[in-house]
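J.: Please find target.txt (compact mmCIF, C-alpha atoms) on the next line:
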# COMPACT_ATOMS: atom_id res chain seq x y z
CA MET A 1 11.31 -35.65 42.85
CA LYS A 2 14.49 -34.13 41.43
CA LYS A 3 14.32 -36.49 38.47
CA LYS A 4 10.73 -35.49 37.83
CA MET A 5 11.61 -31.80 37.96
CA TYR A 6 14.52 -32.43 35.61
CA VAL A 7 12.25 -34.18 33.10
CA LEU A 8 9.70 -31.37 33.32
CA GLY A 9 12.45 -28.79 32.85
CA VAL A 10 13.80 -30.53 29.75
CA ALA A 11 10.26 -30.84 28.36
CA ALA A 12 9.65 -27.14 28.90
CA LEU A 13 12.96 -26.26 27.24
CA VAL A 14 12.23 -28.46 24.23
CA THR A 15 8.74 -26.96 23.93
CA ALA A 16 10.17 -23.45 24.02
CA MET A 17 12.77 -24.33 21.36
CA LEU A 18 10.10 -25.85 19.12
CA ALA A 19 7.95 -22.76 19.55
CA LEU A 20 10.89 -20.51 18.67
CA SER A 21 11.83 -22.55 15.62
CA GLY A 22 8.23 -22.39 14.46
CA VAL A 23 8.19 -18.61 14.45
CA ALA A 24 9.45 -18.61 10.87
CA HIS A 25 6.14 -20.31 9.96
CA SER A 26 3.98 -17.94 12.01
CA ALA A 27 0.64 -17.17 10.45
CA MET A 28 0.19 -13.56 11.60
CA TRP A 29 2.43 -10.54 11.10
CA VAL A 30 2.25 -6.81 11.66
CA GLY A 31 4.46 -4.06 10.31
CA ALA A 32 5.14 -0.39 9.81
CA GLU A 33 6.01 1.14 6.43
CA ILE A 34 7.43 4.33 5.00
CA GLY A 35 8.52 5.50 1.57
CA GLY A 36 8.06 7.99 -1.21
CA ASN A 37 4.93 8.47 -3.32
CA PHE A 38 5.35 9.67 -6.93
CA PRO A 39 2.17 10.50 -8.92
CA LEU A 40 2.40 10.80 -12.68
CA ASN A 41 1.02 13.86 -14.46
CA THR A 42 -2.72 13.53 -14.86
CA ASP A 43 -5.66 15.02 -16.74
CA VAL A 44 -8.34 16.90 -14.81
CA LYS A 45 -11.78 16.56 -16.38
CA VAL A 46 -13.96 19.62 -15.76
CA ASP A 47 -17.76 19.37 -15.85
CA ALA A 48 -19.47 22.73 -15.26
CA GLY A 49 -22.86 22.18 -16.87
CA PRO A 50 -22.76 23.60 -20.41
CA ILE A 51 -18.96 23.87 -20.21
CA THR A 52 -16.86 20.74 -20.21
CA GLY A 53 -13.17 20.46 -20.67
CA THR A 54 -9.86 18.95 -19.72
CA LEU A 55 -6.76 20.35 -18.06
CA THR A 56 -3.93 18.19 -19.39
CA GLY A 57 -0.52 17.40 -17.94
CA VAL A 58 -1.34 18.46 -14.38
CA GLY A 59 1.59 17.67 -12.09
CA ILE A 60 1.22 16.45 -8.50
CA GLN A 61 4.07 16.85 -6.03
CA PRO A 62 5.92 13.75 -4.73
CA SER A 63 5.39 13.13 -1.03
CA VAL A 64 6.28 10.89 1.88
CA ILE A 65 3.93 7.94 2.40
CA GLY A 66 3.62 5.94 5.61
CA GLY A 67 1.32 3.50 7.33
CA ALA A 68 0.76 0.24 9.17
CA ILE A 69 -0.03 -3.26 7.90
CA ILE A 70 -1.34 -6.55 9.25
CA GLY A 71 -1.06 -9.79 7.32
CA TYR A 72 -1.84 -13.48 7.43
CA ASP A 73 0.17 -16.33 5.88
CA PHE A 74 -1.80 -19.50 5.14
CA VAL A 75 0.36 -21.82 7.22
CA ASN A 76 -0.57 -24.24 9.98
CA SER A 77 1.48 -22.83 12.88
CA GLY A 78 1.81 -19.62 14.83
CA PHE A 79 -1.01 -17.38 16.01
CA GLY A 80 -4.11 -18.11 13.95
CA GLY A 81 -2.51 -21.07 12.20
CA ARG A 82 -4.83 -23.65 10.62
CA ALA A 83 -4.46 -26.97 8.85
CA TRP A 84 -4.36 -25.40 5.41
CA PRO A 85 -3.45 -27.50 2.35
CA ASP A 86 0.30 -27.46 1.78
CA TRP A 87 0.04 -25.48 -1.47
CA MET A 88 -1.53 -22.54 0.40
CA LYS A 89 1.80 -21.74 2.09
CA TYR A 90 2.64 -19.77 -1.08
CA PHE A 91 -0.22 -17.32 -0.48
CA SER A 92 -0.97 -14.55 2.01
CA PHE A 93 -3.50 -11.81 2.67
CA ALA A 94 -2.69 -8.36 4.03
CA THR A 95 -4.45 -5.09 4.69
CA ASP A 96 -2.87 -1.74 5.43
CA VAL A 97 -3.71 1.92 5.91
CA THR A 98 -1.43 4.58 4.39
CA TYR A 99 -1.36 8.36 4.37
CA ASN A 100 0.35 10.81 2.05
CA LYS A 101 0.05 14.47 1.09
CA PHE A 102 -1.54 15.30 -2.25
CA ASN A 103 -0.40 18.79 -3.29
CA ILE A 104 -0.91 20.30 -6.76
CA LYS A 105 1.39 23.14 -7.77
CA THR A 106 -0.62 26.13 -9.00
CA ASN A 107 1.92 27.93 -11.23
CA GLN A 108 2.71 25.01 -13.53
CA THR A 109 2.14 24.86 -17.30
CA ILE A 110 -0.95 22.88 -18.32
CA GLY A 111 -2.95 22.34 -21.49
CA VAL A 112 -6.55 23.55 -21.73
CA ILE A 113 -9.32 21.98 -23.82
CA LEU A 114 -12.84 23.43 -23.53
CA ASN A 115 -15.88 22.01 -25.30
CA GLY A 116 -13.58 20.14 -27.66
CA VAL A 117 -11.46 23.19 -28.59
CA ASN A 118 -7.74 23.05 -27.77
CA PHE A 119 -6.63 26.42 -26.39
CA GLY A 120 -2.98 25.39 -26.01
CA ASN A 121 -0.84 25.73 -22.91
CA PHE A 122 -1.35 28.13 -20.03
CA VAL A 123 0.81 28.97 -17.01
CA GLY A 124 -0.90 29.37 -13.65
CA GLN A 125 -0.37 32.79 -12.07
CA ARG A 126 -0.95 31.84 -8.46
CA ASP A 127 2.12 30.81 -6.44
CA GLY A 128 1.89 27.90 -4.01
CA TYR A 129 -0.15 24.72 -3.96
CA LEU A 130 -3.62 23.35 -3.78
CA LYS A 131 -2.97 21.32 -0.65
CA GLY A 132 -4.50 17.88 -0.31
CA TYR A 133 -4.28 14.47 1.31
CA GLU A 134 -4.86 10.79 0.59
CA VAL A 135 -5.76 7.99 3.00
CA ALA A 136 -5.93 4.51 1.48
CA TRP A 137 -7.22 1.32 3.06
CA THR A 138 -5.75 -1.44 0.89
CA PHE A 139 -6.51 -5.18 0.67
CA LEU A 140 -3.80 -7.33 -0.93
CA PHE A 141 -3.94 -10.96 -2.02
CA MET A 142 -0.31 -12.06 -2.23
CA ALA A 143 1.62 -14.88 -3.88
CA HIS A 144 5.25 -15.57 -2.91
CA TYR A 145 8.05 -18.11 -3.17
CA GLY A 146 11.00 -18.57 -0.82
CA PHE A 147 14.68 -18.99 -1.66
CA LEU A 148 17.68 -19.81 0.56
CA ARG A 149 15.73 -22.12 2.83
CA ASP A 150 17.41 -23.57 5.90
CA SER A 151 16.52 -25.18 9.22
CA GLU A 152 16.07 -21.83 10.94
CA VAL A 153 13.87 -20.29 8.23
CA PRO A 154 12.34 -23.19 6.24
CA SER A 155 10.12 -20.81 4.29
CA GLY A 156 13.19 -19.10 2.79
CA ARG A 157 15.24 -16.07 3.69
CA ILE A 158 14.44 -14.27 0.42
CA ASN A 159 10.81 -14.23 -0.71
CA PRO A 160 9.85 -12.39 -3.92
CA TYR A 161 6.12 -11.69 -3.95
CA ILE A 162 3.37 -9.91 -5.79
CA GLY A 163 0.19 -8.55 -4.28
CA VAL A 164 -2.99 -7.43 -6.05
CA GLY A 165 -6.21 -6.02 -4.67
CA PRO A 166 -8.64 -3.14 -4.22
CA ALA A 167 -8.37 -0.10 -1.97
CA ILE A 168 -10.78 2.42 -0.54
CA LEU A 169 -9.29 5.85 -1.15
CA TRP A 170 -10.28 8.90 0.89
CA SER A 171 -8.83 12.07 -0.59
CA GLY A 172 -9.28 15.81 -0.53
CA ILE A 173 -7.88 18.95 -2.15
CA GLU A 174 -8.12 22.63 -1.32
CA ASN A 175 -11.22 23.81 -3.17
CA PRO A 176 -10.14 26.06 -6.08
CA VAL A 177 -13.65 27.57 -6.38
CA SER A 178 -14.59 28.28 -2.77
CA ASN A 179 -13.12 28.08 0.72
CA GLY A 180 -12.63 24.72 2.40
CA THR A 181 -11.71 21.29 1.10
CA ALA A 182 -13.31 19.19 -1.63
CA ASN A 183 -13.39 15.53 -0.56
CA ALA A 184 -13.93 12.24 -2.34
CA ILE A 185 -14.23 8.52 -1.60
CA ASN A 186 -13.30 6.16 -4.41
CA VAL A 187 -12.31 2.57 -5.13
CA ALA A 188 -8.73 2.14 -6.33
CA LEU A 189 -6.70 -0.73 -7.79
CA VAL A 190 -3.36 -1.63 -6.18
CA VAL A 191 -0.52 -3.84 -7.47
CA GLU A 192 2.58 -4.38 -5.34
CA PRO A 193 5.63 -6.43 -6.38
CA GLY A 194 8.37 -6.72 -3.79
CA ILE A 195 10.89 -8.85 -1.93
CA ARG A 196 10.64 -9.99 1.69
CA TRP A 197 13.97 -10.44 3.45
CA MET A 198 13.92 -12.56 6.64
CA ALA A 199 16.37 -10.76 8.94
CA LEU A 200 15.47 -13.04 11.88
CA PRO A 201 13.08 -15.98 12.19
CA ASN A 202 10.41 -13.59 13.45
CA VAL A 203 11.48 -10.30 11.81
CA SER A 204 11.31 -9.48 8.11
CA ILE A 205 12.05 -6.46 5.92
CA ASP A 206 10.05 -5.75 2.76
CA THR A 207 11.31 -3.67 -0.15
CA ALA A 208 8.41 -2.97 -2.49
CA MET A 209 7.08 -0.81 -5.30
CA ARG A 210 3.33 -0.12 -5.04
CA TYR A 211 1.26 1.03 -8.00
CA ARG A 212 -2.16 2.56 -7.35
CA TYR A 213 -4.78 3.62 -9.89
CA ALA A 214 -7.83 5.72 -9.08
CA ALA A 215 -10.05 8.38 -10.62
CA PRO A 216 -11.21 10.63 -7.75
CA SER A 217 -13.96 13.13 -8.47
CA TYR A 218 -14.50 16.31 -6.44
CA ASP A 219 -17.60 18.48 -6.18
CA VAL A 220 -16.21 22.02 -5.93
CA GLY A 221 -19.56 23.84 -5.97
CA SER A 222 -21.33 25.98 -8.60
CA ASN A 223 -22.45 22.73 -10.30
CA THR A 224 -18.80 21.94 -11.08
CA THR A 225 -16.97 18.67 -10.64
CA LEU A 226 -13.28 17.93 -11.16
CA THR A 227 -12.21 14.37 -11.95
CA LEU A 228 -8.56 13.28 -11.97
CA ASN A 229 -8.45 10.55 -14.57
CA PRO A 230 -6.20 8.72 -14.89
CA LEU A 231 -4.44 9.08 -11.54
CA HIS A 232 -1.40 6.76 -11.58
CA GLN A 233 0.80 6.69 -8.47
CA PHE A 234 3.99 4.78 -7.70
CA ALA A 235 5.21 4.39 -4.13
CA PHE A 236 8.54 2.87 -3.10
CA LEU A 237 8.09 1.28 0.32
CA LEU A 238 10.37 0.01 3.10
CA ARG A 239 8.49 -2.13 5.61
CA ALA A 240 9.54 -3.83 8.86
CA ASN A 241 7.39 -6.76 10.06
CA TYR A 242 7.11 -8.82 13.23
CA HIS A 243 5.80 -12.40 12.86
CA PHE A 244 3.96 -14.14 15.70
Show me the file's structure as structure tokens.
T.:
Amino acid sequence: MKKKMYVLGVAALVTAMLALSGVAHSAMWVGAEIGGNFPLNTDVKVDAGPITGTLTGVGIQPSVIGGAIIGYDFVNSGFGGRAWPDWMKYFSFATDVTYNKFNIKTNQTIGVILNGVNFGNFVGQRDGYLKGYEVAWTFLFMAHYGFLRDSEVPSGRINPYIGVGPAILWSGIENPVSNGTANAINVALVVEPGIRWMALPNVSIDTAMRYRYAAPSYDVGSNTTLTLNPLHQFAFLLRANYHF
């Protein structure tokens, strides 16, 4: 009886060790992310019926960006693991939701073009901001390669990667024509190069730079629409992930 219990105990210990060592190959991972979002100056296209124009060089304030992510590595162990072909271990899929403020300073200098006539630069007289927000639901298809592989982390302790995919962007700005907020839903393009650092077999840290392109259009009333095109944004992200 004692011998049987001993054998069962050793088997359980070996199973637990194998499960722990396999964490580095876990298919699923979740994480939290935070960073800074830096939009480039943009042009605002104005369509007000017979009057069309462009406000050039409109600056948007940098802001904090944060969110949560869930991802899947195409490996054959861990939660959700499947018998994928070996070459698929270099690919992953992830989706995340991020939020950041989207404030436009109102007393900045901008260029004005109306009906094709350049009226030069003007300085806004109102102090403060047109306050806004952005919520992005992003889908990334990722390719990566691991360096510094060892028995504890066979996939590599340093993994440069690049992710590309679409995003659904919900955004809004304080309506400059009437009270309330002008909202928009648009499709965006996202590209994210980064490096994943395996701190532990089941814990990783990502350092990434995310680029997002969109052209949101807002109906501000009085038959007037404002379109920010192009809207280029760069976010520097720090992400902590748990693999299971």
J.: Smallest atom-to-atom distance to Lys101 (chain A): which of A:Thr42, A:Asn229, A:Thr138, A:Ser171, using all atoms listed in the file?
T.: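 Checking each of A:Thr42, A:Asn229, A:Thr138, A:Ser171 against Lys101 (chain A), counting all atoms listed in the file, the winner is A:Ser171.
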J.: Nearest residue to Ile162 (chain A) out of A:Met209, A:Ile69, A:Val117, A:Leu189, using all atoms listed in the file?
T.: A:Met209
J.: For a test of reading the model, state the distance in Å between CA of Val30 (chain A) and CA of Phe244 (chain A), rounded to one decimal.
T.: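 It comes out at 8.5 Å.
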J.: If I take CA of Ala182 (chain A) and CA of Val135 (chain A), how far is one from the other in Å, to one decimal?
T.: 14.3 Å
J.: Output as AutoDock Vina command-line options the centre and edge lengths (Å, one decimal) of the box along x, y and z of the file that holds every listed atom of region 134-151 of chain A after adding 3 Å on each side.
T.:
--center_x 5.2 --center_y -7.2 --center_z 2.7 --size_x 30.9 --size_y 42.0 --size_z 19.1
J.: I need the residue nearest Gly163 (chain A) from this list: A:Phe102, A:Phe91, A:Phe141, A:Trp29. Use all atoms listed in the file for the distance.
T.: A:Phe141
J.: For a test of reading the model, state the distance in Å between CA of Ile60 (chain A) and CA of Ala94 (chain A), rounded to one decimal.
T.: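 Those two atoms sit 28.1 Å apart.
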J.: In the coordinates of the file, take the point (0.3, 27.3, -20.6) and a cut-off of 10 Å; then, counting all atoms listed in the file, name each qualifying protein, DNA or RNA residue as a PDB file with C-alpha atoms, in the coordinates of the input.
T.:
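Contents of part.pdb, freshly written:
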ATOM      1  CA  ASN A 107       1.920  27.930 -11.230  1.00  0.00           C
ATOM      2  CA  GLN A 108       2.710  25.010 -13.530  1.00  0.00           C
ATOM      3  CA  THR A 109       2.140  24.860 -17.300  1.00  0.00           C
ATOM      4  CA  ILE A 110      -0.950  22.880 -18.320  1.00  0.00           C
ATOM      5  CA  GLY A 111      -2.950  22.340 -21.490  1.00  0.00           C
ATOM      6  CA  VAL A 112      -6.550  23.550 -21.730  1.00  0.00           C
ATOM      7  CA  PHE A 119      -6.630  26.420 -26.390  1.00  0.00           C
ATOM      8  CA  GLY A 120      -2.980  25.390 -26.010  1.00  0.00           C
ATOM      9  CA  ASN A 121      -0.840  25.730 -22.910  1.00  0.00           C
ATOM     10  CA  PHE A 122      -1.350  28.130 -20.030  1.00  0.00           C
ATOM     11  CA  VAL A 123       0.810  28.970 -17.010  1.00  0.00           C
ATOM     12  CA  GLY A 124      -0.900  29.370 -13.650  1.00  0.00           C
TER      13      GLY A 124
END
J.: Closest to Lys45 (chain A) among A:Thr95, A:Ser26, A:Gln61, A:Thr227, using only C-alpha atoms?
T.: A:Thr227
J.: Just the residues within 10 Å of Gly71 (chain A), please, counting all atoms listed in the file, with nothing from its chain fewer than 3 positions along; format it as a ChimeraX atom specification.
T.: /A:27-31,74,92-96,139-142,241,243
J.: For each of A:Asp206, A:Glu174, A:Asp219, A:Glu134, take the minimum atom-to-atom distance to Ile158 (chain A), counting all atoms listed in the file, then give the residue where this is smallest.
T.: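 For Ile158 (chain A), the nearest of the given residues is A:Asp206.
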J.: Which polymer residues have any atom within 9 Å of an atom of Leu228 (chain A), counting only C-alpha atoms, with same-chain residues fewer than 3 positions away left out, as a PyMOL selection string?
T.: chain A and resi 42-45+214-218+231
J.: For region 85-89 of chain A, work out the shell of residues within 9 Å, counting all atoms listed in the file and skipping chain neighbours fewer than 4 positions away, then give it as a count of residues only.
T.: 7
J.: Counting all atoms listed in the file, which residue out of A:Glu192, A:Glu33, A:Glu152, A:Asp47 sits closest to Gly66 (chain A)?
T.: A:Glu33
J.: Would you list the residues near (19.8, -19.6, 4.2), meaning any protein, DNA or RNA residue with an atom at most 12 Å from that point in file coordinates, counting all atoms listed in the file, as a list in words?
T.: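 The residues near that point, listed by chain and number, are Gly146, Phe147, Leu148, Arg149, Asp150, Ser151, Glu152, Val153, Pro154, Ser155, Gly156, Arg157, Ile158, Asn159, Trp197, Met198, Ala199, Leu200 and Pro201 of chain A.
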J.: How would region 213-229 of chain A look with N, CA and C atoms restored, written as a compact mmCIF listing (two decimals), keeping the file's coordinate frame?
T.:
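And here's result-v3.txt as it stands now:
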# COMPACT_ATOMS: atom_id res chain seq x y z
N TYR A 213 -3.98 2.90 -8.88
CA TYR A 213 -4.78 3.62 -9.89
C TYR A 213 -6.12 4.02 -9.28
N ALA A 214 -6.52 5.25 -9.52
CA ALA A 214 -7.83 5.72 -9.08
C ALA A 214 -8.27 6.85 -10.01
N ALA A 215 -9.52 7.26 -9.86
CA ALA A 215 -10.05 8.38 -10.62
C ALA A 215 -10.96 9.19 -9.70
N PRO A 216 -10.38 9.89 -8.71
CA PRO A 216 -11.21 10.63 -7.75
C PRO A 216 -11.92 11.80 -8.40
N SER A 217 -13.14 12.05 -7.94
CA SER A 217 -13.96 13.13 -8.47
C SER A 217 -14.40 14.03 -7.33
N TYR A 218 -14.24 15.35 -7.51
CA TYR A 218 -14.50 16.31 -6.44
C TYR A 218 -15.60 17.29 -6.87
N ASP A 219 -16.57 17.48 -5.98
CA ASP A 219 -17.60 18.48 -6.18
C ASP A 219 -17.08 19.78 -5.57
N VAL A 220 -16.79 20.77 -6.41
CA VAL A 220 -16.21 22.02 -5.93
C VAL A 220 -17.23 23.15 -5.87
N GLY A 221 -18.51 22.83 -6.04
CA GLY A 221 -19.56 23.84 -5.97
C GLY A 221 -19.85 24.46 -7.32
N SER A 222 -20.90 25.31 -7.36
CA SER A 222 -21.33 25.98 -8.60
C SER A 222 -21.58 24.98 -9.72
N ASN A 223 -22.14 23.80 -9.34
CA ASN A 223 -22.45 22.73 -10.30
C ASN A 223 -21.22 22.30 -11.09
N THR A 224 -20.06 22.29 -10.42
CA THR A 224 -18.80 21.94 -11.08
C THR A 224 -18.13 20.76 -10.38
N THR A 225 -17.73 19.80 -11.17
CA THR A 225 -16.97 18.67 -10.64
C THR A 225 -15.63 18.58 -11.36
N LEU A 226 -14.62 18.16 -10.62
CA LEU A 226 -13.28 17.93 -11.16
C LEU A 226 -12.94 16.46 -10.95
N THR A 227 -12.55 15.79 -12.03
CA THR A 227 -12.21 14.37 -11.95
C THR A 227 -10.78 14.17 -12.43
N LEU A 228 -9.95 13.58 -11.60
CA LEU A 228 -8.56 13.28 -11.97
C LEU A 228 -8.53 11.89 -12.58
N ASN A 229 -8.39 11.85 -13.90
CA ASN A 229 -8.45 10.55 -14.57
C ASN A 229 -7.57 10.58 -15.82
